[in-house]
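Student: Below is a structure I'd like to ask you about.
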Amino acid sequence: MLNADLHCHSTFSDGMLTPELVVERAWWRGVRMLALTDHDELGGLPAARERAMRLGMQFVDGVEISANWQEETVHIVGLNIDPEHAPLAAGLARIRATRGERAQRIADGLAAAGVPDPLQGALAQAGNPGLLSRAHFARYLAALGYARDAKAVFEHWLTPGKPGYVPHEWASVAEAVAWIAGSGGTAVIAHPGRYRLDEPALQALIRQFRESGGTAIEVQSGAHSPEQARRFAGIASEHGLLASRASDFHGPRESRMDLGDLPELPPGLVPVWTNWT
Ligand code: AMP
Ligand code: MN
Ligand code: MN
Ligand code: MN
């Protein structure tokens, strides 16, 4: 099977490598089709595409859009999007603007709990000051020794009920899917195993996603256990969704799953890239 990896991050959002280095690393690790999917941001795509063309690797323009579903934040990946599509570009600009206000509120919560200079600290971790993510706060707090590593910082500081968590209004699922599909792209439910949704809430999410024009779901994900991959393979079949394969790589030491390291898709599923080559 083609070594496709259709979800990863660069310094344009909360990844640790530049777009060029993400592409180089993917190529040397055996990836032959790569999508860069920065959070709510398209700025890394031109440099990544150019480097991929030089290496002879297939490159897919992507994005990972933050959305609200009931009480949960969910992520919708767009693949083969048109970065020039005005509603998509405008929608992402809106989300990025509110991310700035959110970062200030996160910083206020952390400062009230005694963390020194949280906003400046997070900004120093960020390659793109216009795209602050909780991952940048996590790296700053980990560097100060507030927890063992960035993952542990999330548990103690950045998740609901903790000092650095604020609820936030992102896009709706219908909006995110419409921006992607309207630009000619394929909308994909990212890492479904990560959401705290019971079965009826997940089924309702899939229904809304499909009604809005979404067609695919991540089955193999860096965030999924083998058991979760089996579960979402079943759900993809049941709902007639195309299947994606997606490391969600952020950086060499931080990510559990490196670029292209994923198991193959289970047999019987239709890969999302089937008609792309
Ligand atoms: P944000 O979009 O600002 O809420 O940040 C979400 C990002 O934080 C995700 O894309 C991951 O990169 C990272 N993240 C979220 N939860 C965790 C976790 N439990 N451990 C490590 N990183 C996480
Ligand atoms: Mn991230
Ligand atoms: Mn995500
Ligand atoms: Mn991601």
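Residue names in the structure tokens use chain letters A, B, ... in the order shown, residue numbers from 1 in each chain, and ligand numbers from 1 in the order shown.
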DSSP on the backbone: which residues in segment 44-245 of chain A end up as helix (DSSP H, G or I)? Give the answer as a PDB file with C-alpha atoms, in the first residue's frame.
Tutor:
```pdb
ATOM      1  CA  LEU A  45       1.746  25.089   2.200  1.00  0.00           C
ATOM      2  CA  PRO A  46       3.751  26.871  -0.555  1.00  0.00           C
ATOM      3  CA  ALA A  47       7.162  26.067   0.963  1.00  0.00           C
ATOM      4  CA  ALA A  48       6.155  22.476   1.706  1.00  0.00           C
ATOM      5  CA  ARG A  49       4.775  21.953  -1.792  1.00  0.00           C
ATOM      6  CA  GLU A  50       7.913  23.353  -3.395  1.00  0.00           C
ATOM      7  CA  ARG A  51      10.188  21.074  -1.381  1.00  0.00           C
ATOM      8  CA  ALA A  52       8.002  18.038  -2.099  1.00  0.00           C
ATOM      9  CA  MET A  53       8.118  18.764  -5.842  1.00  0.00           C
ATOM     10  CA  ARG A  54      11.920  18.899  -5.720  1.00  0.00           C
ATOM     11  CA  LEU A  55      12.019  15.505  -4.012  1.00  0.00           C
ATOM     12  CA  ALA A  86     -12.309  32.988  -0.179  1.00  0.00           C
ATOM     13  CA  PRO A  87     -14.782  31.512   2.359  1.00  0.00           C
ATOM     14  CA  LEU A  88     -12.114  29.067   3.585  1.00  0.00           C
ATOM     15  CA  ALA A  89      -9.443  31.763   3.901  1.00  0.00           C
ATOM     16  CA  ALA A  90     -11.862  34.144   5.642  1.00  0.00           C
ATOM     17  CA  GLY A  91     -13.139  31.458   8.026  1.00  0.00           C
ATOM     18  CA  LEU A  92      -9.608  30.489   9.045  1.00  0.00           C
ATOM     19  CA  ALA A  93      -8.671  34.162   9.527  1.00  0.00           C
ATOM     20  CA  ARG A  94     -11.638  34.497  11.894  1.00  0.00           C
ATOM     21  CA  ILE A  95     -10.521  31.489  13.973  1.00  0.00           C
ATOM     22  CA  ARG A  96      -6.928  32.738  14.133  1.00  0.00           C
ATOM     23  CA  ALA A  97      -8.093  36.137  15.374  1.00  0.00           C
ATOM     24  CA  THR A  98     -10.057  34.602  18.251  1.00  0.00           C
ATOM     25  CA  ARG A  99      -7.071  32.366  19.068  1.00  0.00           C
ATOM     26  CA  GLY A 100      -5.164  35.534  19.994  1.00  0.00           C
ATOM     27  CA  GLU A 101      -7.834  36.608  22.498  1.00  0.00           C
ATOM     28  CA  ARG A 102      -7.984  33.070  23.850  1.00  0.00           C
ATOM     29  CA  ALA A 103      -4.217  32.950  24.385  1.00  0.00           C
ATOM     30  CA  GLN A 104      -4.497  36.091  26.526  1.00  0.00           C
ATOM     31  CA  ARG A 105      -7.213  34.449  28.662  1.00  0.00           C
ATOM     32  CA  ILE A 106      -5.152  31.258  29.004  1.00  0.00           C
ATOM     33  CA  ALA A 107      -2.182  33.375  30.065  1.00  0.00           C
ATOM     34  CA  ASP A 108      -4.331  35.235  32.622  1.00  0.00           C
ATOM     35  CA  GLY A 109      -5.388  31.913  34.175  1.00  0.00           C
ATOM     36  CA  LEU A 110      -1.832  30.641  34.348  1.00  0.00           C
ATOM     37  CA  ALA A 111      -0.529  33.938  35.756  1.00  0.00           C
ATOM     38  CA  ALA A 112      -3.201  33.839  38.472  1.00  0.00           C
ATOM     39  CA  PRO A 118       2.970  32.914  30.380  1.00  0.00           C
ATOM     40  CA  LEU A 119       2.128  34.838  27.208  1.00  0.00           C
ATOM     41  CA  GLN A 120       5.723  35.863  26.470  1.00  0.00           C
ATOM     42  CA  GLY A 121       6.852  32.331  27.343  1.00  0.00           C
ATOM     43  CA  ALA A 122       4.392  30.716  24.938  1.00  0.00           C
ATOM     44  CA  LEU A 123       5.247  33.209  22.197  1.00  0.00           C
ATOM     45  CA  ALA A 124       8.924  32.325  22.548  1.00  0.00           C
ATOM     46  CA  GLN A 125       7.960  28.695  21.732  1.00  0.00           C
ATOM     47  CA  ARG A 134      -2.007  25.213  23.993  1.00  0.00           C
ATOM     48  CA  ALA A 135       0.989  23.155  22.834  1.00  0.00           C
ATOM     49  CA  HIS A 136       3.155  26.311  23.036  1.00  0.00           C
ATOM     50  CA  PHE A 137       2.031  26.972  26.610  1.00  0.00           C
ATOM     51  CA  ALA A 138       2.691  23.294  27.380  1.00  0.00           C
ATOM     52  CA  ARG A 139       6.266  23.472  26.072  1.00  0.00           C
ATOM     53  CA  TYR A 140       6.953  26.633  28.072  1.00  0.00           C
ATOM     54  CA  LEU A 141       5.607  25.125  31.308  1.00  0.00           C
ATOM     55  CA  ALA A 142       7.512  21.896  30.697  1.00  0.00           C
ATOM     56  CA  ALA A 143      10.737  23.883  30.155  1.00  0.00           C
ATOM     57  CA  LEU A 144      10.144  25.623  33.506  1.00  0.00           C
ATOM     58  CA  ALA A 150       4.381  18.668  27.609  1.00  0.00           C
ATOM     59  CA  LYS A 151       1.844  15.835  27.807  1.00  0.00           C
ATOM     60  CA  ALA A 152       1.834  15.918  31.607  1.00  0.00           C
ATOM     61  CA  VAL A 153       1.463  19.715  31.515  1.00  0.00           C
ATOM     62  CA  PHE A 154      -1.822  19.228  29.629  1.00  0.00           C
ATOM     63  CA  GLU A 155      -3.202  17.003  32.384  1.00  0.00           C
ATOM     64  CA  HIS A 156      -2.355  19.389  35.213  1.00  0.00           C
ATOM     65  CA  TRP A 157      -2.648  22.818  33.620  1.00  0.00           C
ATOM     66  CA  LEU A 158      -4.385  22.997  30.245  1.00  0.00           C
ATOM     67  CA  VAL A 173     -18.738  21.459  12.279  1.00  0.00           C
ATOM     68  CA  ALA A 174     -21.090  22.473   9.452  1.00  0.00           C
ATOM     69  CA  GLU A 175     -19.025  25.600   8.725  1.00  0.00           C
ATOM     70  CA  ALA A 176     -15.677  23.778   8.754  1.00  0.00           C
ATOM     71  CA  VAL A 177     -16.946  21.077   6.395  1.00  0.00           C
ATOM     72  CA  ALA A 178     -18.606  23.631   4.100  1.00  0.00           C
ATOM     73  CA  TRP A 179     -15.398  25.681   3.800  1.00  0.00           C
ATOM     74  CA  ILE A 180     -13.410  22.558   2.904  1.00  0.00           C
ATOM     75  CA  ALA A 181     -15.945  20.990   0.537  1.00  0.00           C
ATOM     76  CA  GLY A 182     -16.718  24.394  -1.008  1.00  0.00           C
ATOM     77  CA  PRO A 192     -12.131  10.365  16.385  1.00  0.00           C
ATOM     78  CA  GLY A 193     -10.738   8.226  19.215  1.00  0.00           C
ATOM     79  CA  ARG A 194      -9.627  11.333  21.083  1.00  0.00           C
ATOM     80  CA  GLU A 199     -21.841   6.528  21.156  1.00  0.00           C
ATOM     81  CA  PRO A 200     -25.005   8.603  20.434  1.00  0.00           C
ATOM     82  CA  ALA A 201     -22.990  11.860  20.394  1.00  0.00           C
ATOM     83  CA  LEU A 202     -20.428  10.343  18.014  1.00  0.00           C
ATOM     84  CA  GLN A 203     -23.199   9.043  15.728  1.00  0.00           C
ATOM     85  CA  ALA A 204     -24.802  12.497  15.734  1.00  0.00           C
ATOM     86  CA  LEU A 205     -21.438  14.086  14.865  1.00  0.00           C
ATOM     87  CA  ILE A 206     -21.013  11.714  11.911  1.00  0.00           C
ATOM     88  CA  ARG A 207     -24.557  12.458  10.749  1.00  0.00           C
ATOM     89  CA  GLN A 208     -24.022  16.231  10.878  1.00  0.00           C
ATOM     90  CA  PHE A 209     -20.604  15.836   9.206  1.00  0.00           C
ATOM     91  CA  ARG A 210     -22.092  13.809   6.342  1.00  0.00           C
ATOM     92  CA  GLU A 211     -25.069  16.125   5.875  1.00  0.00           C
ATOM     93  CA  PRO A 226      -4.938  -0.815  17.504  1.00  0.00           C
ATOM     94  CA  GLU A 227      -8.321  -1.435  19.109  1.00  0.00           C
ATOM     95  CA  GLN A 228      -9.487   2.095  18.239  1.00  0.00           C
ATOM     96  CA  ALA A 229      -8.268   1.648  14.663  1.00  0.00           C
ATOM     97  CA  ARG A 230     -10.449  -1.494  14.430  1.00  0.00           C
ATOM     98  CA  ARG A 231     -13.407   0.327  15.914  1.00  0.00           C
ATOM     99  CA  PHE A 232     -13.163   3.237  13.470  1.00  0.00           C
ATOM    100  CA  ALA A 233     -12.602   0.871  10.554  1.00  0.00           C
ATOM    101  CA  GLY A 234     -15.991  -0.609  11.451  1.00  0.00           C
ATOM    102  CA  ILE A 235     -17.550   2.838  11.676  1.00  0.00           C
ATOM    103  CA  ALA A 236     -16.045   3.856   8.295  1.00  0.00           C
ATOM    104  CA  SER A 237     -17.573   0.749   6.657  1.00  0.00           C
ATOM    105  CA  GLU A 238     -20.908   1.190   8.365  1.00  0.00           C
ATOM    106  CA  HIS A 239     -21.240   4.826   7.246  1.00  0.00           C
TER     107      HIS A 239
END
```
Student: Counting only C-alpha atoms and all ligand atoms, which residues in chain A sit no more than 8 Å from ligand 4? For each one, give the nearest pair of atoms and the distance in Å, sorted by chain then residue number, as a Markdown table.
Tutor:
```
| residue | atom | partner | partner_atom_place_in_ligand_line | distance |
| --- | --- | --- | --- | --- |
| A:His7 | CA | ligand 4 | 1 (Mn) | 6.2 |
| A:Cys8 | CA | ligand 4 | 1 (Mn) | 5.8 |
| A:His9 | CA | ligand 4 | 1 (Mn) | 6.4 |
| A:Thr37 | CA | ligand 4 | 1 (Mn) | 6.9 |
| A:Asp38 | CA | ligand 4 | 1 (Mn) | 7.0 |
| A:His39 | CA | ligand 4 | 1 (Mn) | 6.8 |
| A:Glu64 | CA | ligand 4 | 1 (Mn) | 6.4 |
| A:His75 | CA | ligand 4 | 1 (Mn) | 7.8 |
| A:Ala190 | CA | ligand 4 | 1 (Mn) | 7.6 |
| A:Asp248 | CA | ligand 4 | 1 (Mn) | 4.7 |
| A:Phe249 | CA | ligand 4 | 1 (Mn) | 7.2 |
| A:His250 | CA | ligand 4 | 1 (Mn) | 7.6 |
```
Student: With only C-alpha atoms as the atoms that count, which of A:Asn80, A:Ser133, A:Ser13, A:Ser66 lies nearest to Met33 of chain A?
Tutor: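 Of A:Asn80, A:Ser133, A:Ser13, A:Ser66, the one nearest Met33 of chain A, counting only C-alpha atoms, is A:Asn80.
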Student: Can you list, as a VMD selection string, every protein, DNA or RNA residue that comes within 9 Å of Thr11 of chain A when you count only C-alpha atoms, leaving out same-chain residues fewer than 4 positions away?
Tutor: chain A and resid 15 to 19 38 44 126 to 128 250
Student: Let's have the selection written as an mmCIF file, in the first residue's frame, with N, CA and C atoms.
Tutor:
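Full text of part38.cif as output:
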```
data_model
loop_
_atom_site.group_PDB
_atom_site.id
_atom_site.type_symbol
_atom_site.label_atom_id
_atom_site.label_comp_id
_atom_site.auth_asym_id
_atom_site.auth_seq_id
_atom_site.Cartn_x
_atom_site.Cartn_y
_atom_site.Cartn_z
ATOM 1 N N GLY A 15 3.650 22.598 15.242
ATOM 2 C CA GLY A 15 4.711 21.640 14.963
ATOM 3 C C GLY A 15 6.070 22.233 15.295
ATOM 4 N N MET A 16 7.098 21.385 15.366
ATOM 5 C CA MET A 16 8.421 21.849 15.784
ATOM 6 C C MET A 16 9.406 21.978 14.629
ATOM 7 N N LEU A 17 9.041 21.505 13.449
ATOM 8 C CA LEU A 17 9.915 21.600 12.278
ATOM 9 C C LEU A 17 9.297 22.542 11.245
ATOM 10 N N THR A 18 10.160 23.204 10.471
ATOM 11 C CA THR A 18 9.647 24.041 9.382
ATOM 12 C C THR A 18 8.951 23.159 8.346
ATOM 13 N N PRO A 19 8.112 23.746 7.487
ATOM 14 C CA PRO A 19 7.455 22.946 6.441
ATOM 15 C C PRO A 19 8.474 22.174 5.598
ATOM 16 N N ASP A 38 -1.676 22.159 9.047
ATOM 17 C CA ASP A 38 -1.520 23.021 10.219
ATOM 18 C C ASP A 38 -2.885 23.461 10.745
ATOM 19 N N GLY A 44 2.053 27.539 5.577
ATOM 20 C CA GLY A 44 3.195 26.652 5.339
ATOM 21 C C GLY A 44 3.110 25.885 4.026
ATOM 22 N N ALA A 126 6.769 29.713 19.877
ATOM 23 C CA ALA A 126 5.942 29.645 18.667
ATOM 24 C C ALA A 126 6.697 30.136 17.441
ATOM 25 N N GLY A 127 6.594 29.404 16.348
ATOM 26 C CA GLY A 127 7.196 29.839 15.098
ATOM 27 C C GLY A 127 6.344 30.889 14.399
ATOM 28 N N ASN A 128 5.075 30.942 14.763
ATOM 29 C CA ASN A 128 4.106 31.832 14.117
ATOM 30 C C ASN A 128 3.311 32.528 15.220
ATOM 31 N N HIS A 250 3.967 16.090 15.299
ATOM 32 C CA HIS A 250 4.267 17.476 15.695
ATOM 33 C C HIS A 250 5.768 17.727 15.824
#
```
Student: What residues in segment 29-211 of chain A get the DSSP label strand (DSSP E or B)? Please answer as a count of residues only.
Tutor: 31
Student: Work out how far apart atom CA of Arg29 of chain A and atom CA of Thr277 of chain A are and give it in Å to one decimal.
Tutor: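 For atom CA of Arg29 of chain A relative to atom CA of Thr277 of chain A, the distance reads 20.8 Å.
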Student: Kindly give the distance, in Å, that separates atom 9 (C, counted along the ligand's line) of ligand 1 and atom CA of Trp276 of chain A, rounded to a single decimal.
Tutor: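 Interatomic distance, atom 9 (C, counted along the ligand's line) of ligand 1 to atom CA of Trp276 of chain A: 27.7 Å.
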Student: Which distance in Å separates atom CA of Leu36 of chain A and atom CA of Asp61 of chain A, to one decimal?
Tutor: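 Those two atoms sit 6.4 Å apart.
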Student: Please provide the set of residues having any atom within 10 Å of Glu71 of chain A, restricted to only C-alpha atoms, with same-chain residues fewer than 4 positions apart removed, written as a ChimeraX atom specification.
Tutor: /A:167,196-197
